[in-house]
Amino acid sequence: MRARNKGKRINGYPEDYIVFDLETTGVNPDMDDIIEISALRVCGHKVRAEYSTLVNPGRHIPAGATAVNGITDEMVKDAPDIKTAIEGFLEFIGDSVLVGHNIHTFDTNFIYDAAWDAFGKELGNDYIDTLYMARRCLPELSHHKLTDIAAHFQIGTEGAHRAMADCLMNQKCFEELGKLQKDNTEEEPVCPRCGGTLIRRKGKFGEFYGCDSFPRCRFTRNI
């Protein structure tokens with residue numbers, strides 16, 4: 001597994017951000033490839049621009065991936081390669097805060113590796129993962145998949161598992177989650193190591209604060 005000097009995962013509800021999503025040939029960034037990239041530029045909580053492209057991975061797309069996202073070899077045969085696609089994506093996002101669902105352990109790793117392999121460029125953008133946000137704001141839900149969150153807010157899920165449809169869905173979910181987070185007057189301590197949230201946990205010697213990015217981040221603090 002390669003070391004990635006990524007930006008920090010942060011908490012917040014900014015007015016301006018980029019929401020993005022990927023479709024891939026599988027779940028392992030060391031072995032699998034990006035086959036679709038989509039992103040929305042949001043300014044003042046309104047969608048202002050979009051970027052979307054299929055990506056030709058230069059190899060057969062496994063049937064398992066096609067079963068999830070519907071993307072076939074035929075669909076990507078004339079699509080740009082990853083170097084061209086990632087160049088357009090990096091130009092689109094600039095230094096904006098990124099927003100996405102489950103991006104802490106998935107999408108940012110794929111994007112980081114693609115940018116590094118293509119241009120030797122590190123993806124240093126800070127980012128907000130709506131999976132962690134939803135776990136904090138909607139603890140009553142038994143599952144926190146993007147479609148579960150959308151259903152909770154009565155947001156349409158048509159076209160799920162295609163990158164642009166998921167971007168549009170998640171942008172609406174993020175705005176709703178942001179309002180809940182903003183209305184929560186309880187101050188959440190921030191992990192000084194990774195920018196995550198410190199949550200109360202019980203241990204052998206009593207309660208303590210532990211990072212919600214555990215086991216990736218093992219920072220703890222006494223209460």
# chains A, B, ... in the order shown; residues from 1 in each chain; ligands from 1

call {"tool": "closest_atom_pairs", "arguments": {"of": "segment 105-164 of chain A", "to": "segment 189-204 of chain A", "cutoff": "12 Å", "atoms": "only C-alpha atoms", "output": "CSV"}}
result
residue,atom,partner,partner_atom,distance
A:Asp126,CA,A:Gly195,CA,9.3
A:Tyr127,CA,A:Gly195,CA,9.8
A:Ile128,CA,A:Gly196,CA,9.4
A:Asp129,CA,A:Gly196,CA,9.9
A:Tyr132,CA,A:Thr197,CA,8.9
A:Met133,CA,A:Thr197,CA,9.6
A:Arg135,CA,A:Thr197,CA,11.3
A:Arg136,CA,A:Thr197,CA,9.4

call {"tool": "closest_atom_pairs", "arguments": {"of": "segment 142-208 of chain A", "to": "segment 13-27 of chain A", "cutoff": "8 Å", "atoms": "only C-alpha atoms", "output": "tab-separated table"}}
result
residue	atom	partner	partner_atom	distance
A:His161	CA	A:Glu23	CA	7.4
A:Arg162	CA	A:Glu23	CA	6.8
A:Ala163	CA	A:Asp21	CA	5.1
A:Met164	CA	A:Asp21	CA	7.1
A:Asp166	CA	A:Asp21	CA	6.7
A:Cys167	CA	A:Phe20	CA	5.7
A:Asn170	CA	A:Val19	CA	7.6
A:Gln171	CA	A:Val19	CA	6.4
A:Glu175	CA	A:Tyr13	CA	7.9
A:Gly178	CA	A:Tyr13	CA	5.3
A:Gln181	CA	A:Tyr13	CA	7.9
A:Lys182	CA	A:Tyr13	CA	7.5

call {"tool": "write_last_selection", "arguments": {"atoms": "N, CA and C atoms", "output": "CSV table (one decimal), in the first residue's frame"}}
result
chain,number,residue,atom,x,y,z
A,161,HIS,N,-25.3,5.2,-8.7
A,161,HIS,CA,-24.2,4.4,-9.1
A,161,HIS,C,-23.6,4.8,-10.5
A,162,ARG,N,-24.1,6.0,-11.0
A,162,ARG,CA,-23.4,6.7,-12.0
A,162,ARG,C,-22.9,8.0,-11.4
A,163,ALA,N,-21.7,8.4,-11.8
A,163,ALA,CA,-21.0,9.4,-11.1
A,163,ALA,C,-21.8,10.7,-11.0
A,164,MET,N,-22.3,11.2,-12.1
A,164,MET,CA,-23.0,12.5,-12.1
A,164,MET,C,-24.3,12.4,-11.3
A,166,ASP,N,-24.9,10.5,-8.8
A,166,ASP,CA,-24.5,10.5,-7.4
A,166,ASP,C,-24.0,11.8,-6.9
A,167,CYS,N,-23.3,12.6,-7.7
A,167,CYS,CA,-22.9,13.9,-7.4
A,167,CYS,C,-24.2,14.8,-7.1
A,170,ASN,N,-25.8,13.6,-3.9
A,170,ASN,CA,-25.0,13.9,-2.7
A,170,ASN,C,-24.9,15.4,-2.4
A,171,GLN,N,-25.0,16.3,-3.4
A,171,GLN,CA,-25.0,17.7,-3.2
A,171,GLN,C,-26.2,18.1,-2.4
A,175,GLU,N,-26.3,19.5,1.6
A,175,GLU,CA,-27.0,20.7,2.1
A,175,GLU,C,-27.9,20.4,3.2
A,178,GLY,N,-25.8,19.6,6.3
A,178,GLY,CA,-25.1,20.8,6.8
A,178,GLY,C,-26.0,21.7,7.6
A,181,GLN,N,-26.2,19.9,11.0
A,181,GLN,CA,-24.9,20.1,11.7
A,181,GLN,C,-24.8,21.5,12.3
A,182,LYS,N,-25.3,22.5,11.5
A,182,LYS,CA,-25.3,23.9,11.9
A,182,LYS,C,-26.2,24.1,13.0

call {"tool": "select_by_dssp", "arguments": {"residues": "segment 157-216 of chain A", "states": "helix (DSSP H, G or I)", "output": "number ranges by chain"}}
result
A: 163-183

call {"tool": "write_last_selection", "arguments": {"atoms": "N, CA, C and O atoms", "output": "short mmCIF file (atom, residue, chain, number, x, y, z; two decimals), in the first residue's frame"}}
result
data_model
loop_
_atom_site.label_atom_id
_atom_site.label_comp_id
_atom_site.auth_asym_id
_atom_site.auth_seq_id
_atom_site.Cartn_x
_atom_site.Cartn_y
_atom_site.Cartn_z
N ALA A 163 -21.70 8.37 -11.83
CA ALA A 163 -21.00 9.42 -11.09
C ALA A 163 -21.76 10.74 -11.01
O ALA A 163 -21.87 11.33 -9.93
N MET A 164 -22.32 11.22 -12.12
CA MET A 164 -23.01 12.51 -12.07
C MET A 164 -24.29 12.43 -11.26
O MET A 164 -24.62 13.35 -10.49
N ALA A 165 -25.02 11.33 -11.41
CA ALA A 165 -26.26 11.17 -10.62
C ALA A 165 -25.94 11.16 -9.13
O ALA A 165 -26.66 11.77 -8.33
N ASP A 166 -24.86 10.50 -8.76
CA ASP A 166 -24.48 10.46 -7.35
C ASP A 166 -24.00 11.83 -6.86
O ASP A 166 -24.24 12.20 -5.70
N CYS A 167 -23.33 12.58 -7.72
CA CYS A 167 -22.93 13.95 -7.35
C CYS A 167 -24.15 14.81 -7.06
O CYS A 167 -24.20 15.53 -6.04
N LEU A 168 -25.12 14.77 -7.95
CA LEU A 168 -26.33 15.58 -7.78
C LEU A 168 -27.09 15.17 -6.52
O LEU A 168 -27.58 16.01 -5.76
N MET A 169 -27.17 13.87 -6.29
CA MET A 169 -27.84 13.36 -5.10
C MET A 169 -27.10 13.79 -3.84
O MET A 169 -27.71 14.26 -2.87
N ASN A 170 -25.78 13.64 -3.85
CA ASN A 170 -25.01 13.94 -2.65
C ASN A 170 -24.94 15.43 -2.37
O ASN A 170 -24.88 15.84 -1.20
N GLN A 171 -24.97 16.25 -3.40
CA GLN A 171 -24.96 17.70 -3.17
C GLN A 171 -26.20 18.11 -2.38
O GLN A 171 -26.14 18.90 -1.43
N LYS A 172 -27.34 17.54 -2.74
CA LYS A 172 -28.59 17.83 -2.02
C LYS A 172 -28.53 17.27 -0.60
O LYS A 172 -28.98 17.92 0.36
N CYS A 173 -27.97 16.07 -0.45
CA CYS A 173 -27.85 15.48 0.88
C CYS A 173 -26.92 16.32 1.76
O CYS A 173 -27.20 16.54 2.95
N PHE A 174 -25.81 16.77 1.18
CA PHE A 174 -24.85 17.57 1.95
C PHE A 174 -25.49 18.85 2.46
O PHE A 174 -25.26 19.26 3.60
N GLU A 175 -26.30 19.48 1.63
CA GLU A 175 -26.96 20.72 2.07
C GLU A 175 -27.90 20.44 3.24
O GLU A 175 -27.98 21.24 4.19
N GLU A 176 -28.61 19.32 3.19
CA GLU A 176 -29.51 18.98 4.29
C GLU A 176 -28.72 18.61 5.55
O GLU A 176 -29.07 19.02 6.66
N LEU A 177 -27.65 17.84 5.39
CA LEU A 177 -26.82 17.47 6.53
C LEU A 177 -26.16 18.70 7.14
O LEU A 177 -26.03 18.81 8.36
N GLY A 178 -25.75 19.63 6.27
CA GLY A 178 -25.12 20.85 6.75
C GLY A 178 -26.04 21.66 7.64
O GLY A 178 -25.61 22.24 8.64
N LYS A 179 -27.32 21.70 7.29
CA LYS A 179 -28.28 22.42 8.11
C LYS A 179 -28.44 21.76 9.48
O LYS A 179 -28.53 22.45 10.51
N LEU A 180 -28.47 20.43 9.49
CA LEU A 180 -28.57 19.72 10.77
C LEU A 180 -27.32 19.96 11.62
O LEU A 180 -27.41 20.19 12.83
N GLN A 181 -26.19 19.92 10.98
CA GLN A 181 -24.93 20.12 11.70
C GLN A 181 -24.84 21.54 12.25
O GLN A 181 -24.40 21.76 13.37
N LYS A 182 -25.29 22.49 11.45
CA LYS A 182 -25.26 23.90 11.87
C LYS A 182 -26.19 24.14 13.04
O LYS A 182 -25.90 24.96 13.93
N ASP A 183 -27.32 23.44 13.07
CA ASP A 183 -28.29 23.61 14.15
C ASP A 183 -27.87 22.91 15.43
O ASP A 183 -28.45 23.16 16.49
#

call {"tool": "residues_around", "arguments": {"residues": "Lys121 of chain A", "least_positions_apart": "6", "cutoff": "10 Å", "atoms": "only C-alpha atoms", "output": "ChimeraX atom specification"}}
result
/A:90,112-115

call {"tool": "write_last_selection", "arguments": {"atoms": "N, CA and C atoms", "output": "PDB file, in the first residue's frame"}}
result
ATOM      1  N   LEU A  90      -8.483  18.041 -12.268  1.00  0.00           N
ATOM      2  CA  LEU A  90      -7.639  18.863 -11.396  1.00  0.00           C
ATOM      3  C   LEU A  90      -7.793  20.347 -11.732  1.00  0.00           C
ATOM      4  N   TYR A 112      -5.969  10.528  -5.866  1.00  0.00           N
ATOM      5  CA  TYR A 112      -4.596  10.830  -5.473  1.00  0.00           C
ATOM      6  C   TYR A 112      -3.610  10.027  -6.322  1.00  0.00           C
ATOM      7  N   ASP A 113      -3.862   8.726  -6.430  1.00  0.00           N
ATOM      8  CA  ASP A 113      -2.955   7.864  -7.183  1.00  0.00           C
ATOM      9  C   ASP A 113      -2.926   8.237  -8.664  1.00  0.00           C
ATOM     10  N   ALA A 114      -4.089   8.556  -9.218  1.00  0.00           N
ATOM     11  CA  ALA A 114      -4.150   8.925 -10.633  1.00  0.00           C
ATOM     12  C   ALA A 114      -3.389  10.216 -10.894  1.00  0.00           C
ATOM     13  N   ALA A 115      -3.534  11.205 -10.020  1.00  0.00           N
ATOM     14  CA  ALA A 115      -2.829  12.479 -10.186  1.00  0.00           C
ATOM     15  C   ALA A 115      -1.329  12.296 -10.032  1.00  0.00           C
TER      16      ALA A 115
END

call {"tool": "select_by_dssp", "arguments": {"residues": "segment 44-146 of chain A", "states": "strand (DSSP E or B)", "output": "list in words"}}
result
Lys46, Val47, Arg48, Ala49, Glu50, Tyr51, Ser52, Thr53, Leu54, Leu98, Val99, Gly100, Tyr127, Ile128 and Asp129 of chain A

call {"tool": "write_last_selection", "arguments": {"atoms": "N, CA, C and O atoms", "output": "compact mmCIF listing (two decimals), in the first residue's frame"}}
result
# COMPACT_ATOMS: atom_id res chain seq x y z
N LYS A 46 -25.23 26.86 -4.35
CA LYS A 46 -25.91 26.61 -5.62
C LYS A 46 -24.93 25.99 -6.62
O LYS A 46 -23.77 26.41 -6.70
N VAL A 47 -25.40 25.01 -7.39
CA VAL A 47 -24.56 24.40 -8.41
C VAL A 47 -24.35 25.39 -9.54
O VAL A 47 -25.31 25.91 -10.11
N ARG A 48 -23.08 25.65 -9.88
CA ARG A 48 -22.75 26.64 -10.90
C ARG A 48 -22.10 26.05 -12.14
O ARG A 48 -22.17 26.66 -13.21
N ALA A 49 -21.44 24.89 -12.00
CA ALA A 49 -20.75 24.30 -13.14
C ALA A 49 -20.55 22.81 -12.89
O ALA A 49 -20.65 22.35 -11.74
N GLU A 50 -20.29 22.06 -13.95
CA GLU A 50 -20.08 20.63 -13.79
C GLU A 50 -18.96 20.13 -14.70
O GLU A 50 -18.63 20.74 -15.72
N TYR A 51 -18.37 19.03 -14.29
CA TYR A 51 -17.35 18.33 -15.07
C TYR A 51 -17.69 16.85 -15.03
O TYR A 51 -17.96 16.30 -13.96
N SER A 52 -17.70 16.21 -16.18
CA SER A 52 -18.03 14.79 -16.20
C SER A 52 -17.42 14.13 -17.44
O SER A 52 -17.51 14.69 -18.55
N THR A 53 -16.82 12.99 -17.24
CA THR A 53 -16.26 12.25 -18.36
C THR A 53 -16.16 10.77 -18.02
O THR A 53 -15.86 10.40 -16.88
N LEU A 54 -16.44 9.93 -18.99
CA LEU A 54 -16.07 8.53 -18.90
C LEU A 54 -14.56 8.45 -19.11
O LEU A 54 -13.95 9.37 -19.67
N LEU A 98 -13.23 19.59 -1.18
CA LEU A 98 -13.95 18.53 -1.88
C LEU A 98 -14.98 17.91 -0.95
O LEU A 98 -14.76 17.77 0.26
N VAL A 99 -16.12 17.52 -1.51
CA VAL A 99 -17.18 16.85 -0.77
C VAL A 99 -17.55 15.57 -1.51
O VAL A 99 -17.68 15.58 -2.74
N GLY A 100 -17.73 14.50 -0.79
CA GLY A 100 -18.15 13.25 -1.41
C GLY A 100 -18.53 12.23 -0.36
O GLY A 100 -18.30 12.43 0.83
N TYR A 127 -11.03 17.87 2.51
CA TYR A 127 -12.28 17.27 2.03
C TYR A 127 -13.22 16.96 3.18
O TYR A 127 -12.81 16.80 4.34
N ILE A 128 -14.50 16.88 2.84
CA ILE A 128 -15.56 16.54 3.78
C ILE A 128 -16.21 15.25 3.29
O ILE A 128 -16.66 15.17 2.14
N ASP A 129 -16.26 14.26 4.14
CA ASP A 129 -16.87 12.98 3.79
C ASP A 129 -18.27 12.92 4.37
O ASP A 129 -18.45 12.92 5.60

call {"tool": "residues_around", "arguments": {"residues": "Gly58 of chain A", "least_positions_apart": "6", "cutoff": "12 Å", "atoms": "only C-alpha atoms", "output": "ChimeraX atom specification"}}
result
/A:25,32-35,73-74,76-83

call {"tool": "write_last_selection", "arguments": {"atoms": "C-alpha atoms", "output": "PDB file, in the first residue's frame"}}
result
ATOM      1  CA  THR A  25     -13.452  -1.255 -12.089  1.00  0.00           C
ATOM      2  CA  ASP A  32      -8.366  -1.189 -10.195  1.00  0.00           C
ATOM      3  CA  ASP A  33      -8.979   1.811 -12.461  1.00  0.00           C
ATOM      4  CA  ILE A  34     -11.251   4.837 -12.702  1.00  0.00           C
ATOM      5  CA  ILE A  35     -13.843   4.591 -15.483  1.00  0.00           C
ATOM      6  CA  ASP A  73     -16.231  -1.572 -22.651  1.00  0.00           C
ATOM      7  CA  GLU A  74     -18.254  -0.257 -25.596  1.00  0.00           C
ATOM      8  CA  VAL A  76     -15.609   3.830 -22.889  1.00  0.00           C
ATOM      9  CA  LYS A  77     -13.882   2.803 -26.107  1.00  0.00           C
ATOM     10  CA  ASP A  78     -13.710   6.404 -27.389  1.00  0.00           C
ATOM     11  CA  ALA A  79     -13.389   8.037 -23.945  1.00  0.00           C
ATOM     12  CA  PRO A  80     -10.185   9.864 -22.914  1.00  0.00           C
ATOM     13  CA  ASP A  81      -7.471   8.046 -20.996  1.00  0.00           C
ATOM     14  CA  ILE A  82      -6.953   8.683 -17.292  1.00  0.00           C
ATOM     15  CA  LYS A  83      -4.192  11.252 -17.828  1.00  0.00           C
TER      16      LYS A  83
END

call {"tool": "atom_distance", "arguments": {"atom1": "atom CA of Arg2 of chain A", "atom2": "atom CA of Asp30 of chain A"}}
result
8.3 Å

call {"tool": "decode", "arguments": {"residues": "segment 53-112 of chain A", "atoms": "C-alpha atoms", "output": "mmCIF file, in the first residue's frame"}}
result
data_model
loop_
_atom_site.group_PDB
_atom_site.id
_atom_site.type_symbol
_atom_site.label_atom_id
_atom_site.label_comp_id
_atom_site.auth_asym_id
_atom_site.auth_seq_id
_atom_site.Cartn_x
_atom_site.Cartn_y
_atom_site.Cartn_z
ATOM 1 C CA THR A 53 -16.263 12.246 -18.363
ATOM 2 C CA LEU A 54 -16.068 8.530 -18.904
ATOM 3 C CA VAL A 55 -12.519 7.164 -18.795
ATOM 4 C CA ASN A 56 -10.995 4.443 -20.964
ATOM 5 C CA PRO A 57 -9.023 2.233 -18.548
ATOM 6 C CA GLY A 58 -7.164 0.504 -21.355
ATOM 7 C CA ARG A 59 -8.433 -2.891 -20.280
ATOM 8 C CA HIS A 60 -11.592 -4.939 -19.968
ATOM 9 C CA ILE A 61 -14.132 -3.705 -17.436
ATOM 10 C CA PRO A 62 -15.063 -6.657 -15.190
ATOM 11 C CA ALA A 63 -18.627 -7.889 -15.304
ATOM 12 C CA GLY A 64 -18.973 -7.233 -11.582
ATOM 13 C CA ALA A 65 -18.251 -3.543 -12.068
ATOM 14 C CA THR A 66 -20.662 -3.278 -14.999
ATOM 15 C CA ALA A 67 -23.356 -4.922 -12.870
ATOM 16 C CA VAL A 68 -23.005 -2.075 -10.344
ATOM 17 C CA ASN A 69 -22.614 0.999 -12.556
ATOM 18 C CA GLY A 70 -23.741 -0.160 -15.991
ATOM 19 C CA ILE A 71 -20.547 1.048 -17.695
ATOM 20 C CA THR A 72 -19.324 -1.256 -20.461
ATOM 21 C CA ASP A 73 -16.231 -1.572 -22.651
ATOM 22 C CA GLU A 74 -18.254 -0.257 -25.596
ATOM 23 C CA MET A 75 -19.211 2.893 -23.666
ATOM 24 C CA VAL A 76 -15.609 3.830 -22.889
ATOM 25 C CA LYS A 77 -13.882 2.803 -26.107
ATOM 26 C CA ASP A 78 -13.710 6.404 -27.389
ATOM 27 C CA ALA A 79 -13.389 8.037 -23.945
ATOM 28 C CA PRO A 80 -10.185 9.864 -22.914
ATOM 29 C CA ASP A 81 -7.471 8.046 -20.996
ATOM 30 C CA ILE A 82 -6.953 8.683 -17.292
ATOM 31 C CA LYS A 83 -4.192 11.252 -17.828
ATOM 32 C CA THR A 84 -6.469 13.465 -19.929
ATOM 33 C CA ALA A 85 -9.445 12.950 -17.619
ATOM 34 C CA ILE A 86 -7.524 13.668 -14.434
ATOM 35 C CA GLU A 87 -5.966 16.784 -15.957
ATOM 36 C CA GLY A 88 -9.431 18.183 -16.628
ATOM 37 C CA PHE A 89 -10.597 17.236 -13.151
ATOM 38 C CA LEU A 90 -7.639 18.863 -11.396
ATOM 39 C CA GLU A 91 -8.136 22.054 -13.411
ATOM 40 C CA PHE A 92 -11.842 22.040 -12.493
ATOM 41 C CA ILE A 93 -11.357 21.594 -8.735
ATOM 42 C CA GLY A 94 -8.403 23.915 -8.202
ATOM 43 C CA ASP A 95 -7.779 24.223 -4.460
ATOM 44 C CA SER A 96 -11.450 23.921 -3.470
ATOM 45 C CA VAL A 97 -12.708 21.872 -0.553
ATOM 46 C CA LEU A 98 -13.954 18.530 -1.878
ATOM 47 C CA VAL A 99 -17.182 16.845 -0.766
ATOM 48 C CA GLY A 100 -18.149 13.254 -1.415
ATOM 49 C CA HIS A 101 -19.585 10.092 0.117
ATOM 50 C CA ASN A 102 -17.114 7.549 1.493
ATOM 51 C CA ILE A 103 -14.287 9.485 -0.142
ATOM 52 C CA HIS A 104 -11.998 9.275 2.913
ATOM 53 C CA THR A 105 -11.098 5.651 2.198
ATOM 54 C CA PHE A 106 -12.141 5.312 -1.459
ATOM 55 C CA ASP A 107 -12.450 8.143 -3.994
ATOM 56 C CA THR A 108 -9.634 10.357 -2.696
ATOM 57 C CA ASN A 109 -7.242 7.389 -2.822
ATOM 58 C CA PHE A 110 -8.098 6.664 -6.468
ATOM 59 C CA ILE A 111 -7.823 10.343 -7.421
ATOM 60 C CA TYR A 112 -4.596 10.830 -5.473
#
